[in-house]
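Text of query.pdb, listed as PDB, C-alpha atoms:
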```
MODEL        1
ATOM      1  CA  MET A   1     137.453  75.797  70.612
ATOM      2  CA  ALA A   2     135.837  79.185  70.046
ATOM      3  CA  HIS A   3     132.735  79.965  72.072
ATOM      4  CA  SER A   4     129.411  79.989  70.199
ATOM      5  CA  LYS A   5     125.988  81.381  71.018
ATOM      6  CA  PRO A   6     123.208  78.950  71.944
ATOM      7  CA  GLU A   7     121.066  77.658  69.099
ATOM      8  CA  VAL A   8     117.325  78.216  69.589
ATOM      9  CA  SER A   9     114.672  77.441  66.979
ATOM     10  CA  MET A  10     111.770  79.743  66.123
ATOM     11  CA  GLU A  11     109.387  77.072  67.407
ATOM     12  CA  GLU A  12     111.170  76.990  70.763
ATOM     13  CA  VAL A  13     111.020  80.782  70.969
ATOM     14  CA  GLN A  14     107.289  80.811  70.198
ATOM     15  CA  ASN A  15     106.490  78.071  72.713
ATOM     16  CA  LEU A  16     108.406  79.791  75.504
ATOM     17  CA  ILE A  17     106.815  83.190  74.851
ATOM     18  CA  LYS A  18     103.330  81.696  74.834
ATOM     19  CA  ALA A  19     104.002  79.763  78.024
ATOM     20  CA  HIS A  20     105.469  82.763  79.816
ATOM     21  CA  LEU A  21     103.278  85.607  78.546
ATOM     22  CA  GLY A  22     100.112  83.693  77.736
ATOM     23  CA  LYS A  23      99.895  84.914  74.150
ATOM     24  CA  SER A  24     101.380  83.929  70.806
ATOM     25  CA  ALA A  25     104.113  86.129  69.408
ATOM     26  CA  GLU A  26     104.038  87.692  65.968
ATOM     27  CA  GLY A  27     106.929  88.510  63.638
ATOM     28  CA  ILE A  28     109.656  86.614  65.499
ATOM     29  CA  GLN A  29     113.051  87.595  64.070
ATOM     30  CA  ALA A  30     116.638  86.872  65.046
ATOM     31  CA  ILE A  31     118.632  90.006  65.893
ATOM     32  CA  GLU A  32     122.319  90.453  65.065
ATOM     33  CA  GLY A  33     124.736  91.401  67.817
ATOM     34  CA  GLY A  34     125.427  89.883  71.190
ATOM     35  CA  ASN A  35     128.539  87.734  71.553
ATOM     36  CA  LEU A  36     127.147  85.368  74.178
ATOM     37  CA  SER A  37     123.366  85.526  73.825
ATOM     38  CA  SER A  38     120.969  84.589  71.040
ATOM     39  CA  VAL A  39     118.453  87.411  70.639
ATOM     40  CA  PHE A  40     115.016  87.548  68.999
ATOM     41  CA  SER A  41     112.494  90.345  68.552
ATOM     42  CA  PHE A  42     108.733  89.796  68.473
ATOM     43  CA  ALA A  43     105.420  91.606  68.859
ATOM     44  CA  ILE A  44     102.299  91.024  70.951
ATOM     45  CA  ASP A  45      99.240  93.268  70.632
ATOM     46  CA  GLN A  46     101.259  95.770  68.555
ATOM     47  CA  SER A  47     103.886  96.167  71.280
ATOM     48  CA  GLU A  48     107.460  95.063  70.552
ATOM     49  CA  TYR A  49     109.678  92.981  72.787
ATOM     50  CA  VAL A  50     113.013  91.168  72.867
ATOM     51  CA  ILE A  51     113.893  87.748  74.252
ATOM     52  CA  ARG A  52     117.485  86.727  74.948
ATOM     53  CA  PHE A  53     118.901  83.252  75.560
ATOM     54  CA  SER A  54     122.209  82.472  77.262
ATOM     55  CA  ALA A  55     124.003  79.308  78.307
ATOM     56  CA  ASP A  56     125.540  81.211  81.233
ATOM     57  CA  GLN A  57     123.666  80.082  84.342
ATOM     58  CA  ASP A  58     124.308  83.452  86.011
ATOM     59  CA  ALA A  59     122.807  85.391  83.099
ATOM     60  CA  PHE A  60     120.000  87.906  83.696
ATOM     61  CA  VAL A  61     119.864  87.438  87.491
ATOM     62  CA  THR A  62     120.219  91.192  88.090
ATOM     63  CA  GLU A  63     118.188  92.370  85.088
ATOM     64  CA  GLU A  64     114.993  93.257  86.964
ATOM     65  CA  TYR A  65     116.842  95.131  89.706
ATOM     66  CA  VAL A  66     118.902  97.095  87.177
ATOM     67  CA  ALA A  67     115.858  97.909  85.036
ATOM     68  CA  ASN A  68     113.995  99.318  88.054
ATOM     69  CA  LEU A  69     117.037 101.264  89.261
ATOM     70  CA  LEU A  70     117.824 102.848  85.912
ATOM     71  CA  THR A  71     114.323 103.594  84.619
ATOM     72  CA  SER A  72     113.366 105.177  87.950
ATOM     73  CA  ASN A  73     116.320 107.533  87.394
ATOM     74  CA  HIS A  74     115.218 108.314  83.807
ATOM     75  CA  VAL A  75     117.983 106.275  82.208
ATOM     76  CA  LEU A  76     117.054 104.881  78.783
ATOM     77  CA  PHE A  77     116.960 101.200  79.699
ATOM     78  CA  PRO A  78     114.313  98.572  78.834
ATOM     79  CA  GLN A  79     111.877  97.302  81.430
ATOM     80  CA  THR A  80     111.972  93.556  82.100
ATOM     81  CA  LEU A  81     108.838  91.434  81.705
ATOM     82  CA  GLY A  82     110.330  88.300  83.142
ATOM     83  CA  SER A  83     113.190  85.842  83.124
ATOM     84  CA  GLY A  84     113.792  82.211  83.904
ATOM     85  CA  LYS A  85     115.271  78.939  82.717
ATOM     86  CA  GLU A  86     114.233  76.734  79.813
ATOM     87  CA  GLY A  87     116.122  73.462  79.636
ATOM     88  CA  THR A  88     119.816  74.301  79.930
ATOM     89  CA  LEU A  89     119.379  77.932  78.853
ATOM     90  CA  LYS A  90     118.538  81.097  80.755
ATOM     91  CA  PHE A  91     116.171  83.592  79.122
ATOM     92  CA  CYS A  92     115.012  87.164  79.656
ATOM     93  CA  ILE A  93     112.071  89.014  78.060
ATOM     94  CA  SER A  94     112.158  92.805  77.930
ATOM     95  CA  GLU A  95     110.768  95.783  76.087
ATOM     96  CA  LYS A  96     112.260  96.512  72.693
ATOM     97  CA  ILE A  97     113.799  99.956  72.429
ATOM     98  CA  ALA A  98     113.449 101.734  69.100
ATOM     99  CA  GLY A  99     116.591 102.321  67.076
ATOM    100  CA  LYS A 100     119.636 100.379  65.979
ATOM    101  CA  PRO A 101     123.110  99.937  67.492
ATOM    102  CA  LEU A 102     125.647 102.733  67.085
ATOM    103  CA  ALA A 103     127.862 100.127  65.418
ATOM    104  CA  GLU A 104     125.589 100.340  62.376
ATOM    105  CA  TYR A 105     126.023 104.114  61.936
ATOM    106  CA  ASP A 106     128.873 105.686  60.011
ATOM    107  CA  VAL A 107     131.483 107.925  61.600
ATOM    108  CA  ASP A 108     129.762 111.214  60.730
ATOM    109  CA  GLN A 109     126.487 110.020  62.246
ATOM    110  CA  ARG A 110     128.254 108.846  65.400
ATOM    111  CA  CYS A 111     129.935 112.240  65.770
ATOM    112  CA  LYS A 112     126.557 113.983  65.674
ATOM    113  CA  LEU A 113     125.313 111.695  68.431
ATOM    114  CA  LEU A 114     128.298 112.191  70.749
ATOM    115  CA  PRO A 115     126.847 114.998  72.913
ATOM    116  CA  ASP A 116     123.740 112.956  73.714
ATOM    117  CA  LEU A 117     125.817 109.780  74.109
ATOM    118  CA  ILE A 118     128.038 111.434  76.716
ATOM    119  CA  HIS A 119     124.980 112.873  78.489
ATOM    120  CA  GLN A 120     123.144 109.535  78.644
ATOM    121  CA  ILE A 121     126.143 107.500  79.820
ATOM    122  CA  THR A 122     126.879 110.111  82.477
ATOM    123  CA  ARG A 123     123.265 110.019  83.671
ATOM    124  CA  MET A 124     123.545 106.219  83.972
ATOM    125  CA  ASN A 125     126.850 106.338  85.850
ATOM    126  CA  GLN A 126     125.564 108.921  88.318
ATOM    127  CA  VAL A 127     122.430 107.157  89.602
ATOM    128  CA  SER A 128     122.182 107.104  93.389
ATOM    129  CA  LEU A 129     123.580 103.995  95.097
ATOM    130  CA  THR A 130     122.872 104.992  98.693
ATOM    131  CA  SER A 131     120.589 102.009  99.377
ATOM    132  CA  LYS A 132     123.120  99.343  98.388
ATOM    133  CA  GLN A 133     126.624  98.420  99.505
ATOM    134  CA  GLY A 134     129.710  96.817  98.012
ATOM    135  CA  PHE A 135     131.896  96.898  94.912
ATOM    136  CA  GLY A 136     132.057  94.614  91.907
ATOM    137  CA  TYR A 137     129.482  92.656  89.933
ATOM    138  CA  LEU A 138     125.923  92.930  91.165
ATOM    139  CA  ARG A 139     124.181  90.236  93.148
ATOM    140  CA  PRO A 140     120.460  89.601  92.552
ATOM    141  CA  ASP A 141     119.550  91.850  95.509
ATOM    142  CA  GLY A 142     121.523  94.740  94.011
ATOM    143  CA  SER A 143     124.504  94.644  96.372
ATOM    144  CA  GLY A 144     128.086  94.418  95.161
ATOM    145  CA  SER A 145     130.009  91.155  95.207
ATOM    146  CA  HIS A 146     132.926  92.423  97.351
ATOM    147  CA  GLU A 147     133.697  94.915 100.097
ATOM    148  CA  ASN A 148     136.392  96.799  98.187
ATOM    149  CA  TRP A 149     137.751  97.277  94.665
ATOM    150  CA  GLU A 150     141.027  95.515  95.315
ATOM    151  CA  ASP A 151     139.156  92.296  96.131
ATOM    152  CA  VAL A 152     137.127  92.673  92.923
ATOM    153  CA  VAL A 153     140.263  92.849  90.777
ATOM    154  CA  THR A 154     141.760  89.799  92.495
ATOM    155  CA  ALA A 155     138.549  87.781  92.158
ATOM    156  CA  VAL A 156     137.899  88.659  88.506
ATOM    157  CA  TYR A 157     141.328  87.447  87.410
ATOM    158  CA  ALA A 158     141.761  84.544  89.825
ATOM    159  CA  GLU A 159     142.470  81.155  88.253
ATOM    160  CA  ASP A 160     139.547  79.438  89.978
ATOM    161  CA  GLN A 161     136.318  80.535  88.258
ATOM    162  CA  THR A 162     134.332  77.340  88.824
ATOM    163  CA  GLY A 163     130.734  77.530  87.626
ATOM    164  CA  THR A 164     131.181  80.710  85.582
ATOM    165  CA  PHE A 165     131.814  81.614  81.956
ATOM    166  CA  TRP A 166     135.526  81.773  82.814
ATOM    167  CA  GLU A 167     135.823  78.306  84.357
ATOM    168  CA  ASN A 168     139.196  76.760  83.423
ATOM    169  CA  TRP A 169     140.258  79.941  81.632
ATOM    170  CA  TYR A 170     143.963  79.356  82.418
ATOM    171  CA  ALA A 171     143.830  76.638  79.751
ATOM    172  CA  LEU A 172     143.679  79.461  77.195
ATOM    173  CA  PHE A 173     147.397  80.044  77.784
ATOM    174  CA  ASP A 174     148.023  76.649  76.180
ATOM    175  CA  THR A 175     145.157  76.381  73.694
ATOM    176  CA  SER A 176     144.727  79.883  72.273
ATOM    177  CA  CYS A 177     146.571  83.066  71.365
ATOM    178  CA  LEU A 178     146.526  84.230  75.007
ATOM    179  CA  GLU A 179     150.147  84.880  76.045
ATOM    180  CA  ARG A 180     150.968  84.261  79.691
ATOM    181  CA  ASP A 181     153.851  86.758  79.848
ATOM    182  CA  VAL A 182     151.751  89.521  78.265
ATOM    183  CA  PHE A 183     148.831  88.813  80.549
ATOM    184  CA  ASN A 184     151.031  88.782  83.654
ATOM    185  CA  GLU A 185     152.694  92.058  82.665
ATOM    186  CA  CYS A 186     149.367  93.797  82.120
ATOM    187  CA  TYR A 187     147.944  92.321  85.318
ATOM    188  CA  ALA A 188     150.904  93.685  87.292
ATOM    189  CA  ARG A 189     150.223  97.104  85.784
ATOM    190  CA  LEU A 190     146.532  96.775  86.670
ATOM    191  CA  LEU A 191     147.439  96.133  90.298
ATOM    192  CA  ASP A 192     149.613  99.254  90.283
ATOM    193  CA  TYR A 193     146.868 101.471  88.864
ATOM    194  CA  SER A 194     143.814  99.955  90.558
ATOM    195  CA  LYS A 195     144.558 101.993  93.688
ATOM    196  CA  TYR A 196     143.463 105.076  91.749
ATOM    197  CA  ASN A 197     140.099 103.473  90.919
ATOM    198  CA  ALA A 198     139.557 101.965  94.357
ATOM    199  CA  PRO A 199     137.980 104.964  96.175
ATOM    200  CA  HIS A 200     135.345 105.590  93.508
ATOM    201  CA  ARG A 201     131.995 103.806  93.565
ATOM    202  CA  TYR A 202     129.362 104.371  90.884
ATOM    203  CA  PHE A 203     126.960 102.339  88.764
ATOM    204  CA  VAL A 204     128.964 100.826  85.908
ATOM    205  CA  HIS A 205     127.358  99.241  82.838
ATOM    206  CA  GLY A 206     130.441  97.085  82.336
ATOM    207  CA  ASP A 207     129.944  96.413  78.618
ATOM    208  CA  CYS A 208     129.333  99.906  77.301
ATOM    209  CA  HIS A 209     130.220  99.512  73.623
ATOM    210  CA  GLU A 210     128.649 100.448  70.292
ATOM    211  CA  TRP A 211     126.493  97.307  70.043
ATOM    212  CA  ASN A 212     124.810  98.055  73.388
ATOM    213  CA  ILE A 213     123.939 101.697  72.655
ATOM    214  CA  LEU A 214     120.865 102.303  70.466
ATOM    215  CA  SER A 215     119.907 105.353  68.430
ATOM    216  CA  ASP A 216     117.255 106.471  65.944
ATOM    217  CA  GLY A 217     119.873 108.560  64.138
ATOM    218  CA  CYS A 218     118.909 111.800  65.884
ATOM    219  CA  LYS A 219     119.354 110.875  69.542
ATOM    220  CA  ILE A 220     120.315 108.010  71.823
ATOM    221  CA  THR A 221     117.235 105.877  72.441
ATOM    222  CA  GLY A 222     118.542 103.238  74.803
ATOM    223  CA  ILE A 223     121.352 101.514  76.661
ATOM    224  CA  ILE A 224     120.972  97.727  76.830
ATOM    225  CA  ASP A 225     122.538  94.553  78.228
ATOM    226  CA  GLY A 226     125.651  94.940  80.391
ATOM    227  CA  ASN A 227     127.848  93.241  82.984
ATOM    228  CA  PHE A 228     126.577  95.511  85.729
ATOM    229  CA  MET A 229     128.836  96.379  88.614
ATOM    230  CA  TYR A 230     129.786  99.029  91.182
ATOM    231  CA  GLY A 231     133.133 100.682  90.681
ATOM    232  CA  ASP A 232     134.801 103.586  88.917
ATOM    233  CA  PHE A 233     132.686 104.960  86.051
ATOM    234  CA  LEU A 234     135.914 105.447  84.078
ATOM    235  CA  ILE A 235     135.468 101.738  83.226
ATOM    236  CA  ASP A 236     132.553 102.647  80.961
ATOM    237  CA  ILE A 237     134.475 105.538  79.440
ATOM    238  CA  ALA A 238     137.415 103.221  78.715
ATOM    239  CA  THR A 239     135.014 100.844  76.965
ATOM    240  CA  ILE A 240     133.310 103.399  74.705
ATOM    241  CA  GLU A 241     136.248 105.779  74.112
ATOM    242  CA  HIS A 242     137.181 104.395  70.670
ATOM    243  CA  ILE A 243     133.712 104.547  69.151
ATOM    244  CA  VAL A 244     134.871 107.299  66.758
ATOM    245  CA  PRO A 245     138.231 106.600  65.063
ATOM    246  CA  ASN A 246     140.973 109.176  65.727
ATOM    247  CA  ARG A 247     138.900 110.952  68.377
ATOM    248  CA  ASP A 248     139.711 110.831  72.081
ATOM    249  CA  LEU A 249     136.237 110.512  73.558
ATOM    250  CA  ALA A 250     137.703 110.292  77.067
ATOM    251  CA  VAL A 251     138.727 113.950  76.704
ATOM    252  CA  ASP A 252     135.158 114.803  75.709
ATOM    253  CA  PHE A 253     133.852 113.112  78.848
ATOM    254  CA  GLY A 254     136.376 115.028  80.945
ATOM    255  CA  SER A 255     135.241 118.308  79.392
ATOM    256  CA  TYR A 256     131.585 117.428  80.008
ATOM    257  CA  TYR A 257     132.240 116.867  83.712
ATOM    258  CA  GLU A 258     134.184 120.133  83.840
ATOM    259  CA  GLU A 259     131.194 121.950  82.348
ATOM    260  CA  MET A 260     128.943 120.369  84.994
ATOM    261  CA  GLY A 261     131.226 121.800  87.662
ATOM    262  CA  VAL A 262     132.421 118.383  88.880
ATOM    263  CA  PRO A 263     135.831 117.787  87.314
ATOM    264  CA  ILE A 264     137.062 114.183  87.465
ATOM    265  CA  PRO A 265     139.900 113.915  90.016
ATOM    266  CA  ASP A 266     143.020 111.928  89.071
ATOM    267  CA  PHE A 267     141.491 111.424  85.629
ATOM    268  CA  THR A 268     144.569 110.117  83.770
ATOM    269  CA  ASN A 269     145.584 107.451  86.285
ATOM    270  CA  ARG A 270     141.999 106.282  86.788
ATOM    271  CA  LEU A 271     141.531 105.977  83.033
ATOM    272  CA  ILE A 272     144.691 103.877  82.712
ATOM    273  CA  GLY A 273     143.496 101.629  85.538
ATOM    274  CA  ALA A 274     140.128 101.269  83.825
ATOM    275  CA  ARG A 275     141.775 100.447  80.499
ATOM    276  CA  TYR A 276     143.796  97.647  82.077
ATOM    277  CA  PHE A 277     140.767  96.281  83.956
ATOM    278  CA  LYS A 278     138.648  96.098  80.798
ATOM    279  CA  GLY A 279     141.577  95.292  78.535
ATOM    280  CA  LEU A 280     142.658  92.172  80.398
ATOM    281  CA  ASP A 281     139.128  90.846  80.199
ATOM    282  CA  GLY A 282     139.125  91.673  76.499
ATOM    283  CA  LEU A 283     142.353  89.748  75.926
ATOM    284  CA  ARG A 284     141.059  86.524  77.403
ATOM    285  CA  PHE A 285     137.633  87.014  75.774
ATOM    286  CA  PHE A 286     139.122  87.472  72.292
ATOM    287  CA  ALA A 287     141.327  84.433  72.896
ATOM    288  CA  LYS A 288     138.362  82.313  73.958
ATOM    289  CA  MET A 289     136.322  83.460  70.956
ATOM    290  CA  GLY A 290     139.209  82.726  68.577
ATOM    291  CA  TRP A 291     139.449  86.366  67.451
ATOM    292  CA  ASP A 292     143.229  86.492  67.059
ATOM    293  CA  HIS A 293     143.344  89.780  65.124
ATOM    294  CA  ALA A 294     141.308  91.612  67.777
ATOM    295  CA  TYR A 295     143.532  90.080  70.453
ATOM    296  CA  ILE A 296     146.723  91.336  68.814
ATOM    297  CA  GLU A 297     145.337  94.852  68.357
ATOM    298  CA  LEU A 298     144.222  95.079  71.994
ATOM    299  CA  ARG A 299     147.443  93.494  73.280
ATOM    300  CA  ASP A 300     149.576  96.075  71.492
ATOM    301  CA  SER A 301     147.365  98.899  72.773
ATOM    302  CA  LEU A 302     147.654  97.747  76.383
ATOM    303  CA  LEU A 303     151.399  97.257  76.210
ATOM    304  CA  SER A 304     151.780 100.777  74.849
ATOM    305  CA  LEU A 305     150.080 102.328  77.889
ATOM    306  CA  ALA A 306     152.200 103.960  80.579
ATOM    307  CA  LYS A 307     153.845 101.501  82.939
TER
ENDMDL
END
```
Just give me the structure as C-alpha cells.
Amino acid sequence: MAHSKPEVSMEEVQNLIKAHLGKSAEGIQAIEGGNLSSVFSFAIDQSEYVIRFSADQDAFVTEEYVANLLTSNHVLFPQTLGSGKEGTLKFCISEKIAGKPLAEYDVDQRCKLLPDLIHQITRMNQVSLTSKQGFGYLRPDGSGSHENWEDVVTAVYAEDQTGTFWENWYALFDTSCLERDVFNECYARLLDYSKYNAPHRYFVHGDCHEWNILSDGCKITGIIDGNFMYGDFLIDIATIEHIVPNRDLAVDFGSYYEEMGVPIPDFTNRLIGARYFKGLDGLRFFAKMGWDHAYIELRDSLLSLAK
C-alpha cells in the first residue's frame, strides 16, 4: 500500500496552535508539497508561520539544533518556535519564509536563479562543524549517528529498520516495483564508490530538491525541511543537479568551487558515490509510495552510471 500523509483537520490545527502558542491563528491554509508531512500556514499578530505534522516518531527532533546552526551562519533557514507530539503525530512550528518552491517556476526562471541557488547551497554545506562529531543522520544533540561514513551506508540500507519509516522495507521486494537484483547491483556499486565520499565531512541537507528551496522569483529566500546529516556535500549536489532539464548543474557547482579557489578533489567519483547513496533511497521511496514511473526512470539512470 502506498504511503499517505497524515490527515489533520483545520480544527485540530487551530486547537494545537492555541494550546502551544497561547493565541488563535488566522488564515489557516493547507500547503502543497511535502511527501511525508501535512503542512499548514497561518498568521498570528500579522506574522506568518508554518506548522508541519508527521507520523514519523523521529520527525523534527533535530529541527531546533539545525535552525540555530544554520541561521547563526547566515543560511536562509526558518527559526523554530517549538515542536512536540499531539496524539500519534509529531508537529513542528516555524517561521514562514516568503516565496514559493522552485518547483513552481518555469525553466527560464530557474536558470536565472541558479547563481544564487549555488551560492546559498554552498554556504549551507560549508558551515563549521568543529563543535560536533560523527557522520550520518543528526541526533538531537547535533552529533552524527556513526563514527565513519562506511557505517552510515551499512546502517541506512540494513534490513532491520525497526521503529523507523523504513521498518520492514525488505517486504517491498515482494509487494512493490522494487527489484531485488537491481537494488543489490546498485548497492554493490555504492559500496565501491563510498570510499571516495568517506573522508569528507560537511553539513548535508539530505533532501535538497526543488520543493525544499524557496524563491521570490528574484533570489533564493529559503532552504527548508531536510534529512540532515554529516557527510559529503556532493550528496546535496546529486539531489539538486537535475533541477534544470538538459543542464549539468554539478558542473556549475564544480566551477563555483574553482572560482572560490577550493576545487573539489576527486569530484567525479564522489559525485557517483553520492548519486548511488541518494538514488538507492529514491528507489525504495518511490516503490513505497507506489510511484512506478519515477522508480523506472531513476532505476535506468542509476544502472547507466559507471560501474
* Using all atoms listed in the file, which residue out of A:Ala19, A:Gln120, A:Asp141, A:Ile213 lies closest to Asn73 in chain A? ->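 Nearest candidate to Asn73 in chain A out of A:Ala19, A:Gln120, A:Asp141, A:Ile213: A:Gln120.
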* Chain and number of each residue from the PyMOL selection byres ((chain A and resi 215-223) around 8), as number ranges by chain -> A: 76-78, 97-102, 105, 109, 112-113, 116-117, 120, 212-214, 224-225
* Which residue gives the smallest distance to Gly282 in chain A among A:Val13, A:Ala155, A:Leu302, A:Val50, with all atoms listed in the file counted? ->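 The answer is A:Leu302, which sits nearest to Gly282 in chain A.
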* To do: Translate the PyMOL selection byres ((chain A and resi 146-153) around 10), as applied to the file shown, into an explicit residue set as JSON, numbers by chain.
  => {"A": [133, 134, 135, 136, 137, 138, 139, 143, 144, 145, 154, 155, 156, 157, 158, 187, 190, 191, 194, 195, 197, 198, 199, 200, 201, 230, 231, 232, 277]}
* Asked: Written as an NGL selection string, what is the full residue list that the PyMOL selection byres ((chain A and resi 42-45) around 9) yields on the file shown?
  -> :A and (23-29 or 40-41 or 46-51 or 96)
For the residues in the current selection, export C-alpha atoms as an mmCIF file, keeping the file's coordinate frame.
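Output saved as result-v4.cif:
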```cif
data_model
loop_
_atom_site.group_PDB
_atom_site.id
_atom_site.type_symbol
_atom_site.label_atom_id
_atom_site.label_comp_id
_atom_site.auth_asym_id
_atom_site.auth_seq_id
_atom_site.Cartn_x
_atom_site.Cartn_y
_atom_site.Cartn_z
ATOM 1 C CA LYS A 23 99.895 84.914 74.150
ATOM 2 C CA SER A 24 101.380 83.929 70.806
ATOM 3 C CA ALA A 25 104.113 86.129 69.408
ATOM 4 C CA GLU A 26 104.038 87.692 65.968
ATOM 5 C CA GLY A 27 106.929 88.510 63.638
ATOM 6 C CA ILE A 28 109.656 86.614 65.499
ATOM 7 C CA GLN A 29 113.051 87.595 64.070
ATOM 8 C CA PHE A 40 115.016 87.548 68.999
ATOM 9 C CA SER A 41 112.494 90.345 68.552
ATOM 10 C CA GLN A 46 101.259 95.770 68.555
ATOM 11 C CA SER A 47 103.886 96.167 71.280
ATOM 12 C CA GLU A 48 107.460 95.063 70.552
ATOM 13 C CA TYR A 49 109.678 92.981 72.787
ATOM 14 C CA VAL A 50 113.013 91.168 72.867
ATOM 15 C CA ILE A 51 113.893 87.748 74.252
ATOM 16 C CA LYS A 96 112.260 96.512 72.693
#
```
* Polymer residues at most 12 Å from Ile272 in chain A, all atoms listed in the file, same-chain spacing of 5 or more positions, as JSON, numbers by chain -> {"A": [186, 189, 190, 191, 192, 193, 194, 195, 196, 197, 232, 234, 235, 237, 238, 239, 250, 266, 267, 277, 278, 279, 301, 302, 303, 304, 305, 306, 307]}
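The interatomic distance for the pair CA of Leu21 in chain A and CA of Cys92 in chain A works out to 11.9 Å.
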Box time for range 34-48 of chain A: axis-aligned, enclosing all its listed atoms, 4 Å extra on each side; report centre and edge lengths in Å to one decimal, as AutoDock Vina command-line options.
```
--center_x 113.9 --center_y 90.4 --center_z 71.3 --size_x 37.3 --size_y 19.6 --size_z 13.7
```
* Structure fact -> Of A:Ile240, A:Tyr276, A:Arg123, A:Ser37, the one nearest to Tyr202 in chain A when counting all atoms listed in the file is A:Arg123
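Nearest to Ala30 in chain A of all the residues A:Arg247, A:Lys85, A:His205, A:Arg52 is A:Arg52, counting all atoms listed in the file.
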* What is the CA of Met289 in chain A to CA of Leu172 in chain A distance in Å? ->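 Taking CA of Met289 in chain A and CA of Leu172 in chain A, their separation equals 10.4 Å.
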* Which of these residues is nearest to Asp174 in chain A, using all atoms listed in the file: A:Ala287, A:Leu36, A:Val204, A:Leu280? ->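 Checking each candidate against Asp174 in chain A, we get A:Ala287 as the closest.
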* Minimum-distance residue to Phe228 in chain A, chosen among A:Ser176, A:Thr88, A:Asn125, A:Asn269 (using all atoms listed in the file) ->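 Using all atoms listed in the file, the shortest distance to Phe228 in chain A belongs to A:Asn125.
Shell of Leu178 in chain A at 9 Å, with only C-alpha atoms counted and residues fewer than 6 places along the chain excluded, is Leu172, Leu283, Arg284, Phe286, Ala287, Lys288, Asp292 and Tyr295 of chain A.
Put simply, CA of Gly163 in chain A is 27.3 Å away from CA of Glu32 in chain A.
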* Distance query Asp58 in chain A at most 10 Å, all atoms listed in the file, self and fewer than 3 positions along chain excluded, as a VMD selection string -> chain A and resid 54 to 55 61 to 62 90 139 to 140 163 to 165
